[in-house]
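For reference, work13.cif (mmCIF, C-alpha atoms and all ligand atoms):
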```cif
data_entry
loop_
_atom_site.label_atom_id
_atom_site.label_comp_id
_atom_site.auth_asym_id
_atom_site.auth_seq_id
_atom_site.Cartn_x
_atom_site.Cartn_y
_atom_site.Cartn_z
CA MET W 13 118.12 5.79 -9.94
CA ASN W 14 115.93 3.08 -8.45
CA LYS W 15 113.98 5.42 -6.17
CA GLN W 16 112.75 8.99 -6.23
CA HIS W 17 113.89 9.73 -2.72
CA TYR W 18 116.45 8.29 -0.27
CA ASP W 19 117.10 8.67 3.43
CA PHE W 20 120.82 9.21 2.78
CA LEU W 21 122.94 10.32 -0.12
CA ILE W 22 126.44 9.08 0.63
CA VAL W 23 129.23 10.83 -1.25
CA GLY W 24 132.23 8.48 -1.47
CA SER W 25 132.36 4.68 -1.35
CA GLY W 26 135.51 4.50 0.80
CA LEU W 27 135.56 2.64 4.10
CA TYR W 28 133.80 5.45 5.99
CA GLY W 29 130.95 5.84 3.51
CA SER W 30 130.60 2.07 3.11
CA VAL W 31 130.33 1.38 6.87
CA PHE W 32 127.75 4.14 7.21
CA ALA W 33 125.78 2.80 4.21
CA HIS W 34 125.84 -0.73 5.64
CA GLU W 35 124.58 0.35 9.04
CA ALA W 36 121.91 2.59 7.55
CA MET W 37 120.59 -0.29 5.39
CA LYS W 38 120.62 -2.59 8.44
CA ARG W 39 118.32 -0.06 10.09
CA GLY W 40 115.91 -0.11 7.13
CA LYS W 41 117.08 3.19 5.63
CA SER W 42 117.49 3.75 1.91
CA VAL W 43 120.88 4.89 0.60
CA LEU W 44 122.30 6.14 -2.66
CA VAL W 45 126.09 6.07 -2.86
CA VAL W 46 127.88 8.26 -5.38
CA GLU W 47 131.52 7.71 -6.19
CA LYS W 48 133.65 9.75 -8.55
CA ARG W 49 136.15 6.97 -9.24
CA PRO W 50 135.37 4.07 -11.60
CA HIS W 51 135.38 1.61 -8.67
CA LYS W 52 134.17 1.27 -5.07
CA GLY W 53 136.33 1.17 -1.95
CA GLY W 54 138.27 4.45 -1.92
CA ASN W 55 141.91 3.87 -1.05
CA LEU W 56 141.27 0.27 -0.01
CA TYR W 57 140.56 -0.73 -3.61
CA CYS W 58 142.47 -3.79 -4.85
CA LEU W 59 143.22 -4.55 -8.49
CA GLU W 60 143.54 -8.25 -9.29
CA ARG W 61 146.35 -9.29 -11.66
CA ASP W 62 147.75 -12.84 -12.08
CA GLY W 63 145.57 -13.87 -9.12
CA ILE W 64 147.36 -11.32 -6.91
CA GLN W 65 145.47 -8.59 -5.04
CA ILE W 66 147.32 -5.34 -5.70
CA HIS W 67 146.71 -2.61 -3.12
CA TYR W 68 146.18 -0.02 -5.81
CA TYR W 69 146.49 3.08 -3.59
CA GLY W 70 149.36 1.86 -1.43
CA ALA W 71 149.87 -0.98 1.03
CA HIS W 72 146.98 -1.39 3.47
CA ILE W 73 147.50 -3.51 6.56
CA PHE W 74 144.61 -3.76 8.97
CA HIS W 75 145.66 -3.56 12.61
CA THR W 76 143.76 -2.63 15.74
CA LYS W 77 143.73 -2.82 19.51
CA SER W 78 139.94 -3.05 19.51
CA LYS W 79 138.43 -6.52 19.59
CA ALA W 80 135.02 -5.03 18.77
CA ILE W 81 136.29 -3.44 15.53
CA TRP W 82 138.25 -6.60 14.62
CA ASP W 83 135.12 -8.75 15.14
CA TYR W 84 132.99 -6.30 13.17
CA CYS W 85 135.29 -6.51 10.13
CA ASN W 86 135.82 -10.28 10.42
CA GLU W 87 132.09 -10.90 10.36
CA LEU W 88 131.96 -9.20 6.98
CA SER W 89 135.08 -10.73 5.47
CA GLU W 90 137.43 -13.46 6.62
CA PHE W 91 140.89 -12.09 7.38
CA ALA W 92 144.16 -13.83 6.50
CA PHE W 93 146.94 -13.90 9.08
CA TYR W 94 149.52 -11.26 8.27
CA ILE W 95 152.17 -9.66 10.43
CA ASN W 96 153.92 -6.66 8.96
CA SER W 97 157.72 -6.97 9.19
CA PRO W 98 159.15 -4.36 6.84
CA VAL W 99 162.82 -4.20 5.92
CA ALA W 100 164.81 -0.99 5.43
CA ASN W 101 167.25 -0.82 2.53
CA PHE W 102 170.02 1.78 2.93
CA ASN W 103 172.36 1.79 -0.06
CA GLY W 104 171.90 -1.97 -0.43
CA ARG W 105 172.35 -2.87 3.25
CA LEU W 106 169.29 -4.28 4.99
CA TYR W 107 167.93 -3.50 8.46
CA ASN W 108 164.86 -4.84 10.23
CA LEU W 109 162.07 -2.49 11.26
CA PRO W 110 160.71 -1.29 13.61
CA PHE W 111 163.88 -0.27 15.48
CA ASN W 112 164.52 -3.35 17.60
CA MET W 113 167.34 -5.59 18.81
CA ASN W 114 167.77 -7.06 15.30
CA THR W 115 168.25 -3.54 13.89
CA PHE W 116 170.75 -2.61 16.60
CA TYR W 117 172.72 -5.80 15.92
CA GLN W 118 172.76 -5.01 12.19
CA LEU W 119 173.95 -1.45 12.88
CA TRP W 120 176.53 -2.04 15.61
CA GLY W 121 176.79 -5.74 16.46
CA THR W 122 175.31 -5.08 19.92
CA VAL W 123 173.83 -8.20 21.47
CA THR W 124 172.19 -7.19 24.75
CA PRO W 125 169.60 -4.46 25.41
CA ALA W 126 172.04 -2.71 27.75
CA GLN W 127 174.69 -2.51 25.01
CA ALA W 128 172.15 -1.14 22.52
CA MET W 129 170.82 1.45 25.00
CA GLU W 130 174.33 2.61 25.77
CA LYS W 131 175.14 2.97 22.07
CA ILE W 132 172.00 5.00 21.37
CA GLU W 133 172.60 7.22 24.41
CA SER W 134 176.21 7.89 23.40
CA GLN W 135 175.06 9.04 19.95
CA ARG W 136 172.23 11.33 21.02
CA LEU W 137 172.63 15.04 20.37
CA LYS W 138 172.39 16.93 23.66
CA LEU W 139 171.06 20.47 23.36
CA ASN W 140 170.33 22.95 26.13
CA ARG W 141 167.45 24.37 24.12
CA ASP W 142 164.49 22.93 22.18
CA PRO W 143 165.34 21.41 18.77
CA GLU W 144 164.70 23.95 16.02
CA ASN W 145 164.11 21.58 13.14
CA LEU W 146 163.52 17.91 12.37
CA GLU W 147 167.22 17.20 11.89
CA GLU W 148 168.02 18.33 15.43
CA GLN W 149 164.95 16.60 16.79
CA GLY W 150 165.92 13.31 15.09
CA LEU W 151 169.51 13.47 16.32
CA CYS W 152 168.30 14.19 19.88
CA LEU W 153 165.75 11.37 19.90
CA ALA W 154 167.47 8.63 17.88
CA GLY W 155 171.19 9.41 17.81
CA LYS W 156 173.39 9.82 14.74
CA ASP W 157 173.53 6.32 13.20
CA ILE W 158 169.83 5.57 13.41
CA PHE W 159 168.87 9.05 12.22
CA ASP W 160 171.34 9.09 9.29
CA THR W 161 170.69 5.49 8.20
CA LEU W 162 167.00 4.94 8.81
CA ILE W 163 165.19 8.27 9.22
CA LYS W 164 166.80 11.16 7.34
CA GLY W 165 166.69 10.05 3.68
CA TYR W 166 163.22 8.53 3.93
CA THR W 167 161.78 11.64 5.61
CA GLU W 168 163.40 14.02 3.12
CA LYS W 169 161.94 12.06 0.19
CA GLN W 170 158.55 11.92 1.91
CA TRP W 171 158.33 15.68 2.44
CA GLY W 172 160.42 16.84 -0.52
CA ARG W 173 162.57 19.05 1.74
CA PRO W 174 165.75 18.65 3.84
CA CYS W 175 165.19 17.66 7.46
CA SER W 176 166.87 20.91 8.49
CA ALA W 177 163.99 22.78 6.82
CA LEU W 178 161.20 20.69 8.37
CA PRO W 179 159.53 21.43 11.73
CA PRO W 180 160.55 19.24 14.69
CA SER W 181 156.87 18.46 15.38
CA ILE W 182 156.79 15.96 12.45
CA LEU W 183 158.87 13.56 14.52
CA LYS W 184 157.21 13.44 17.93
CA ARG W 185 158.90 10.28 19.15
CA VAL W 186 161.14 7.47 17.95
CA PRO W 187 159.93 4.16 19.40
CA PHE W 188 162.67 1.65 20.26
CA ARG W 189 161.98 -1.96 21.06
CA PHE W 190 164.62 -3.70 23.15
CA ARG W 191 163.46 -7.16 22.09
CA TYR W 192 164.31 -9.26 19.02
CA ASP W 193 160.89 -8.62 17.49
CA ASN W 194 160.20 -7.41 13.92
CA ASN W 195 156.42 -7.15 14.31
CA TYR W 196 155.84 -3.57 13.15
CA PHE W 197 152.53 -2.88 14.87
CA ASN W 198 151.93 -3.21 18.58
CA ASP W 199 148.30 -4.19 18.01
CA PRO W 200 147.03 -7.66 18.95
CA TYR W 201 144.71 -7.91 15.92
CA GLN W 202 146.30 -7.74 12.48
CA GLY W 203 145.48 -9.13 9.04
CA ILE W 204 144.38 -8.62 5.45
CA PRO W 205 140.93 -9.63 4.14
CA LYS W 206 141.18 -12.91 2.22
CA GLY W 207 140.75 -12.11 -1.46
CA GLY W 208 141.64 -8.44 -0.85
CA TYR W 209 139.80 -5.42 0.53
CA ASN W 210 137.16 -5.49 -2.23
CA THR W 211 135.55 -8.42 -0.40
CA LEU W 212 135.10 -6.23 2.69
CA ILE W 213 133.72 -3.29 0.69
CA ASP W 214 131.41 -5.57 -1.34
CA ALA W 215 130.02 -7.02 1.89
CA LEU W 216 129.47 -3.54 3.32
CA LEU W 217 127.77 -2.25 0.18
CA ASP W 218 125.72 -5.38 -0.48
CA GLY W 219 122.27 -4.19 -1.51
CA ALA W 220 123.27 -0.53 -1.89
CA GLU W 221 122.70 1.44 -5.04
CA VAL W 222 126.08 2.81 -6.14
CA LEU W 223 126.66 5.32 -8.96
CA LEU W 224 130.29 5.16 -10.11
CA ASN W 225 132.07 7.87 -12.15
CA THR W 226 129.84 10.48 -10.51
CA ASP W 227 131.41 13.53 -8.91
CA PHE W 228 128.95 15.01 -6.45
CA ASN W 229 130.49 18.45 -6.77
CA GLU W 230 129.59 18.47 -10.45
CA ASN W 231 126.12 17.03 -9.78
CA ARG W 232 124.93 19.01 -6.76
CA GLN W 233 121.27 18.44 -7.66
CA LEU W 234 121.75 14.88 -6.32
CA ALA W 235 121.43 16.35 -2.83
CA ASP W 236 117.73 17.00 -3.52
CA LEU W 237 117.18 13.25 -3.70
CA ALA W 238 117.86 12.64 -0.01
CA ASP W 239 116.96 13.84 3.48
CA LYS W 240 120.61 13.89 4.55
CA VAL W 241 123.93 14.02 2.70
CA LEU W 242 127.01 12.30 4.14
CA TYR W 243 130.00 13.84 2.38
CA THR W 244 133.38 12.05 2.61
CA GLY W 245 135.31 14.02 -0.04
CA THR W 246 137.71 16.93 0.52
CA ILE W 247 136.01 19.67 2.52
CA ASP W 248 137.52 22.55 0.51
CA SER W 249 136.16 21.15 -2.76
CA TYR W 250 132.66 20.94 -1.22
CA PHE W 251 132.80 24.72 -0.81
CA ASP W 252 134.41 25.29 -4.23
CA PHE W 253 137.66 26.33 -2.50
CA SER W 254 136.02 29.65 -1.60
CA GLU W 255 138.34 30.25 1.37
CA GLY W 256 141.48 28.74 -0.22
CA GLU W 257 142.93 25.30 -0.90
CA LEU W 258 144.04 22.84 1.75
CA ASN W 259 147.49 21.30 1.20
CA TYR W 260 148.28 17.60 1.03
CA ARG W 261 151.23 15.36 0.23
CA SER W 262 150.55 13.03 -2.64
CA GLU W 263 152.19 9.91 -4.05
CA ARG W 264 152.67 8.28 -7.41
CA PHE W 265 152.64 4.49 -7.61
CA GLU W 266 154.61 2.82 -10.38
CA LEU W 267 153.37 -0.72 -10.87
CA VAL W 268 155.77 -3.28 -12.35
CA ARG W 269 155.13 -6.94 -13.24
CA TYR W 270 158.04 -9.37 -12.97
CA ASP W 271 158.15 -12.85 -14.49
CA GLU W 272 159.45 -14.24 -11.21
CA GLU W 273 157.85 -16.07 -8.37
CA ASN W 274 159.37 -13.90 -5.66
CA HIS W 275 161.09 -10.58 -6.32
CA GLN W 276 162.10 -9.11 -2.96
CA GLY W 277 161.08 -11.71 -0.38
CA VAL W 278 159.00 -9.33 1.74
CA ALA W 279 155.86 -7.27 1.23
CA VAL W 280 157.27 -3.91 2.34
CA MET W 281 160.79 -2.66 1.70
CA ASN W 282 161.55 0.93 2.78
CA TYR W 283 164.36 2.70 0.93
CA THR W 284 165.95 4.99 3.48
CA ASP W 285 168.85 6.33 1.39
CA THR W 286 168.60 9.43 -0.79
CA LYS W 287 169.96 7.96 -4.03
CA THR W 288 166.89 5.71 -4.51
CA PRO W 289 164.11 8.01 -5.75
CA TYR W 290 161.22 6.03 -4.25
CA THR W 291 160.43 5.54 -0.57
CA ARG W 292 158.97 2.04 -0.62
CA ALA W 293 158.68 -1.02 -2.85
CA ILE W 294 155.62 -3.14 -2.12
CA GLU W 295 155.47 -6.73 -3.37
CA HIS W 296 151.77 -7.43 -3.11
CA LYS W 297 151.70 -11.23 -3.30
CA HIS W 298 153.33 -11.47 0.16
CA PHE W 299 150.19 -9.99 1.77
CA GLU W 300 148.36 -13.21 0.97
CA PRO W 301 150.94 -15.79 -0.14
CA LYS W 302 149.82 -18.35 -2.72
CA ASP W 303 151.89 -21.09 -4.32
CA GLY W 304 152.24 -21.61 -8.06
CA ILE W 305 152.01 -18.05 -9.38
CA ASN W 306 155.08 -17.48 -11.54
CA ALA W 307 154.61 -13.74 -11.70
CA THR W 308 154.71 -10.97 -9.14
CA TRP W 309 153.69 -7.30 -8.94
CA VAL W 310 155.69 -4.61 -7.19
CA SER W 311 154.63 -0.99 -6.74
CA TYR W 312 157.23 1.71 -6.21
CA GLU W 313 156.06 4.71 -4.20
CA TYR W 314 157.20 8.18 -5.21
CA PRO W 315 156.06 10.98 -2.89
CA MET W 316 155.10 14.19 -4.67
CA GLU W 317 153.53 17.59 -4.26
CA TYR W 318 149.75 17.68 -4.35
CA SER W 319 147.84 19.39 -7.12
CA LYS W 320 144.15 19.16 -7.95
CA SER W 321 144.88 16.45 -10.54
CA ALA W 322 146.77 14.30 -7.97
CA GLU W 323 145.31 12.20 -5.14
CA PRO W 324 145.17 13.91 -1.74
CA TYR W 325 146.87 11.35 0.54
CA TYR W 326 148.33 12.97 3.62
CA PRO W 327 147.03 16.22 5.19
CA VAL W 328 149.64 18.82 6.09
CA ASN W 329 148.46 19.74 9.56
CA ASP W 330 150.33 23.03 9.96
CA GLN W 331 148.87 26.25 11.34
CA ARG W 332 147.64 27.63 8.03
CA ASN W 333 145.84 24.44 7.04
CA THR W 334 144.41 23.85 10.49
CA ARG W 335 142.94 27.34 10.52
CA LEU W 336 141.55 26.94 7.00
CA TYR W 337 140.01 23.59 7.88
CA GLU W 338 138.34 25.11 10.96
CA THR W 339 136.83 27.81 8.73
CA TYR W 340 135.35 25.22 6.38
CA LYS W 341 134.14 23.12 9.30
CA ALA W 342 132.24 26.12 10.72
CA MET W 343 130.68 26.70 7.29
CA ALA W 344 129.64 23.03 7.12
CA GLN W 345 128.00 23.19 10.54
CA LYS W 346 125.56 25.78 9.18
CA GLU W 347 124.26 23.32 6.59
CA GLU W 348 121.46 21.39 8.25
CA LYS W 349 121.33 18.55 5.80
CA LEU W 350 125.05 17.92 5.71
CA LEU W 351 127.05 15.29 7.61
CA LEU W 352 130.82 15.16 7.23
CA GLY W 353 133.00 12.12 7.79
CA GLY W 354 136.16 10.31 6.78
CA ARG W 355 139.75 11.32 6.36
CA LEU W 356 139.19 13.89 3.59
CA ALA W 357 136.21 15.74 5.01
CA GLN W 358 137.87 15.82 8.45
CA TYR W 359 141.30 16.68 7.05
CA SER W 360 143.01 14.06 9.24
CA TYR W 361 144.93 10.87 8.79
CA PHE W 362 142.95 7.90 10.16
CA ASP W 363 143.97 4.26 10.08
CA MET W 364 141.25 1.89 8.91
CA ASP W 365 140.21 0.78 12.40
CA LYS W 366 139.72 4.41 13.46
CA THR W 367 137.75 5.03 10.28
CA VAL W 368 135.36 2.17 11.07
CA GLU W 369 135.05 3.33 14.68
CA ALA W 370 134.31 6.92 13.63
CA ALA W 371 131.68 5.85 11.08
CA LEU W 372 129.94 3.67 13.70
CA LYS W 373 129.95 6.61 16.10
CA LEU W 374 128.25 8.82 13.54
CA VAL W 375 125.66 6.08 12.96
CA GLN W 376 124.88 6.15 16.70
CA GLN W 377 124.48 9.93 16.63
CA VAL W 378 122.33 10.06 13.51
CA MET W 379 120.22 6.92 14.04
CA PRO W 380 120.17 6.47 17.84
CA GLU W 381 116.69 5.00 17.87
CA ALA W 382 117.56 1.93 15.81
C1 LIG A 401 149.06 5.51 1.08
C2 LIG A 401 148.18 5.12 2.25
C3 LIG A 401 148.43 3.95 2.94
C4 LIG A 401 147.62 3.58 4.02
N1 LIG A 401 147.89 2.42 4.71
C5 LIG A 401 147.13 2.08 5.76
C6 LIG A 401 147.41 0.90 6.52
O1 LIG A 401 148.36 0.17 6.23
N2 LIG A 401 146.60 0.59 7.57
C7 LIG A 401 145.54 1.38 7.92
O2 LIG A 401 144.84 1.05 8.89
N3 LIG A 401 145.23 2.49 7.21
C8 LIG A 401 145.99 2.86 6.15
N4 LIG A 401 145.69 4.00 5.43
C9 LIG A 401 144.48 4.77 5.81
C10 LIG A 401 143.21 4.30 5.04
O3 LIG A 401 143.42 4.46 3.65
C11 LIG A 401 142.02 5.14 5.52
O4 LIG A 401 141.74 4.83 6.86
C12 LIG A 401 140.72 4.92 4.71
O5 LIG A 401 140.93 4.87 3.34
C13 LIG A 401 139.77 6.05 5.00
O6 LIG A 401 138.55 5.84 4.32
P1 LIG A 401 137.66 7.08 3.85
O7 LIG A 401 136.38 6.52 3.40
O8 LIG A 401 137.68 8.12 4.91
O9 LIG A 401 138.50 7.75 2.65
P2 LIG A 401 138.78 7.31 1.16
O10 LIG A 401 139.28 5.91 1.12
O11 LIG A 401 139.65 8.35 0.56
O12 LIG A 401 137.34 7.35 0.47
C14 LIG A 401 136.74 8.56 0.04
C15 LIG A 401 136.01 8.25 -1.26
O13 LIG A 401 135.23 9.39 -1.62
C16 LIG A 401 135.33 9.57 -3.02
N5 LIG A 401 135.04 10.98 -3.30
C17 LIG A 401 135.74 12.06 -2.90
N6 LIG A 401 135.17 13.18 -3.34
C18 LIG A 401 134.08 12.81 -4.05
C19 LIG A 401 133.09 13.54 -4.77
N7 LIG A 401 133.12 14.88 -4.84
N8 LIG A 401 132.10 12.85 -5.39
C20 LIG A 401 132.06 11.48 -5.33
N9 LIG A 401 132.99 10.75 -4.67
C21 LIG A 401 133.98 11.41 -4.03
C22 LIG A 401 136.77 9.18 -3.33
O14 LIG A 401 136.94 8.88 -4.71
C23 LIG A 401 136.95 7.98 -2.42
O15 LIG A 401 136.58 6.78 -3.06
C24 LIG A 401 146.52 4.40 4.39
C25 LIG A 401 146.29 5.60 3.70
C26 LIG A 401 147.11 5.96 2.65
C27 LIG A 401 146.86 7.28 1.96
#
```
Mind turning the file's structure into structure tokens?
Ligand SMILES: Cc1cc2nc3c(=O)[nH]c(=O)nc-3n(C[C@H](O)[C@H](O)[C@H](O)COP(=O)(O)OP(=O)(O)OC[C@H]3O[C@@H](n4cnc5c(N)ncnc54)[C@H](O)[C@@H]3O)c2cc1C
Amino acid sequence: MNKQHYDFLIVGSGLYGSVFAHEAMKRGKSVLVVEKRPHKGGNLYCLERDGIQIHYYGAHIFHTKSKAIWDYCNELSEFAFYINSPVANFNGRLYNLPFNMNTFYQLWGTVTPAQAMEKIESQRLKLNRDPENLEEQGLCLAGKDIFDTLIKGYTEKQWGRPCSALPPSILKRVPFRFRYDNNYFNDPYQGIPKGGYNTLIDALLDGAEVLLNTDFNENRQLADLADKVLYTGTIDSYFDFSEGELNYRSERFELVRYDEENHQGVAVMNYTDTKTPYTRAIEHKHFEPKDGINATWVSYEYPMEYSKSAEPYYPVNDQRNTRLYETYKAMAQKEEKLLLGGRLAQYSYFDMDKTVEAALKLVQQVMPEA
């Protein structure tokens, strides 16, 4: 350690912890960042192979409606233009995503929005009661062809259960776009940091002292080194799971190198059938295309149950987990020195822009004077 005492101990070098560290340093505060993984950046971390930035914990595409957040990130790292236009693969047949006029043409040969609307309407399940499960919900919202071809298989692989055994609340709405437009996100600002997300994290943590391979929960004495602790890990592990374990869905990424210049022609291919065991294949070089690299890296995503040895990716926000999280949150509020932030400590899914926004908000609350 470079100092005997710090203003902040920041547990976790993900985007949340890194934004907070950056802002604290800008305000003249001292920070010590501890990270249990062997690298900085949390789930944004990129591994470089053959000059390609591999999104090691799954594809990350920055998108936001907020000009302020876009400007904030672009000042730290230059962003490359990237528009996400994923393709769905159902038993070898390809469909554009999100559901738009191209998709409807590929499904039915419909050409005008009116024809597509009529087709969807004719296929919708009409119930005179609320849908009881995700299968019914999907058929009501999307109609049979879209549900069976593009939603059902993917969702069942994602959750490891049949749609008929999943709650309808998982599928709140099915957005249709009656334009020929494959731009997945509706946000005006989209891109990927040039040179990968490590450039953004390195800029945020420039000047910070970072201890890698250090699990705070196994080194609790570190808290004595600082006035305040910002904890961005899982909230149940902070309390040694005393009230029970929170559930997550996890994923396994299988990384494959091909001696080819271009393997699938698109960054994101979703496999929506049930016979393919993975949900997505990500070809990383398409995030930041470069000529002259005669190799390519593809990661195949296999959803799986969470255990303590797996990565906690997606919270399962059902009643039991929500109640358990509230219990832990109340316990945390009694600890004067403790600040909680980020997707794990708040047991929520946040896109990157919301993560930056939330970290900046905490900075305002904790350091309003500066
Ligand atoms: C598969 C996947 C794909 C995604 N794709 C997108 C996307 O395309 N676009 C988008 O906007 N967002 C995406 N996200 C969301 C994005 O990853 C999050 O917004 C962001 O990572 C949140 O940052 P964080 O700092 O809260 O969490 P994390 O990135 O998880 O960082 C937390 C850090 O804390 C460390 N840590 C935890 N516990 C301890 C401990 N006890 N001691 C020390 N260190 C600890 C962890 O190792 C980790 O490095 C995706 C998320 C997932 C899971």
**Message:** Quick one: residues within 7 Å of stretch 135-138 of chain W, all atoms listed in the file, excluding same-chain residues fewer than 6 positions away - as an MDAnalysis selection string?
**Reply:** chainID W and resid 151:156
Deliver the residues from the most recent selection as a file, using C-alpha atoms, as an mmCIF file, in the frame of the given file.
```cif
data_model
loop_
_atom_site.group_PDB
_atom_site.id
_atom_site.type_symbol
_atom_site.label_atom_id
_atom_site.label_comp_id
_atom_site.auth_asym_id
_atom_site.auth_seq_id
_atom_site.Cartn_x
_atom_site.Cartn_y
_atom_site.Cartn_z
ATOM 1 C CA LEU W 151 169.510 13.470 16.320
ATOM 2 C CA CYS W 152 168.300 14.190 19.880
ATOM 3 C CA LEU W 153 165.750 11.370 19.900
ATOM 4 C CA ALA W 154 167.470 8.630 17.880
ATOM 5 C CA GLY W 155 171.190 9.410 17.810
ATOM 6 C CA LYS W 156 173.390 9.820 14.740
#
```
**Protein and nucleic acid residues within 8 Å of ligand LIG 401 (chain A) (only C-alpha atoms and all ligand atoms) as a PyMOL selection string** = chain W and resi 23-30+46-49+51-56+69-76+225-230+243-246+249-250+263+324-326+353-357+361-367
**Point-to-point distance from atom CA of W:Gly40 to atom CA of W:Asn231, Å rounded to tenths** = 26.2 Å
Taking all listed atoms of stretch 162-181 of chain W, build the axis-aligned box, pad each of the six sides by 6 Å, then write its centre and edge lengths in Å to one decimal as lines of an AutoDock Vina configuration file.
```
center_x = 161.9
center_y = 13.9
center_z = 7.4
size_x = 22.1
size_y = 29.8
size_z = 27.9
```
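For the point (129.7, -7.7, 2.3) in file coordinates, the residues within 10 Å, using all atoms listed in the file, are W:Ser30, W:His34, W:Cys85, W:Glu87, W:Leu88, W:Ser89, W:Asn210, W:Thr211, W:Leu212, W:Ile213, W:Asp214, W:Ala215, W:Leu216, W:Leu217, W:Asp218, W:Gly219.
Near stretch 168-172 of chain W, within a cut-off of 10 Å and counting all atoms listed in the file, sit the residues Ile163, Lys164, Gly165, Tyr166, Pro174, Cys175, Ser176, Ala177, Leu178, Arg261, Ser262, Glu263, Tyr283, Thr284, Asp285, Thr286, Lys287, Thr288, Pro289, Tyr290, Thr291, Glu313, Tyr314, Pro315, Met316, Glu317 and Val328 of chain W, with same-chain residues fewer than 2 positions away left out.
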**Request:** Using atom CA of W:Pro98 and atom CA of W:Ile305 as the two end points, give the distance in Å to one decimal.
**Result:**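 If I compute the distance from atom CA of W:Pro98 to atom CA of W:Ile305, I get 22.4 Å.
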**Request:** Identify, on the basis of all atoms listed in the file, every residue whose closest approach to W:Trp309 does not exceed 6 Å; exclude the query and any residue fewer than 5 positions from it along the same chain; express the result as a list in words.
**Result:** Val268, Arg269 and Glu295 of chain W
**Item:** atom CA of W:Glu369 to atom CA of W:Tyr84, straight-line distance in Å
**Value:**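 Atom-to-atom, atom CA of W:Tyr84 to atom CA of W:Glu369, that is 10.0 Å.
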**Item:** Which of W:Phe159, W:Phe111, W:Phe188, W:Phe265 sits closest to W:Ser97 [using all atoms listed in the file]
**Value:**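 Closest to W:Ser97, using all atoms listed in the file: W:Phe111.
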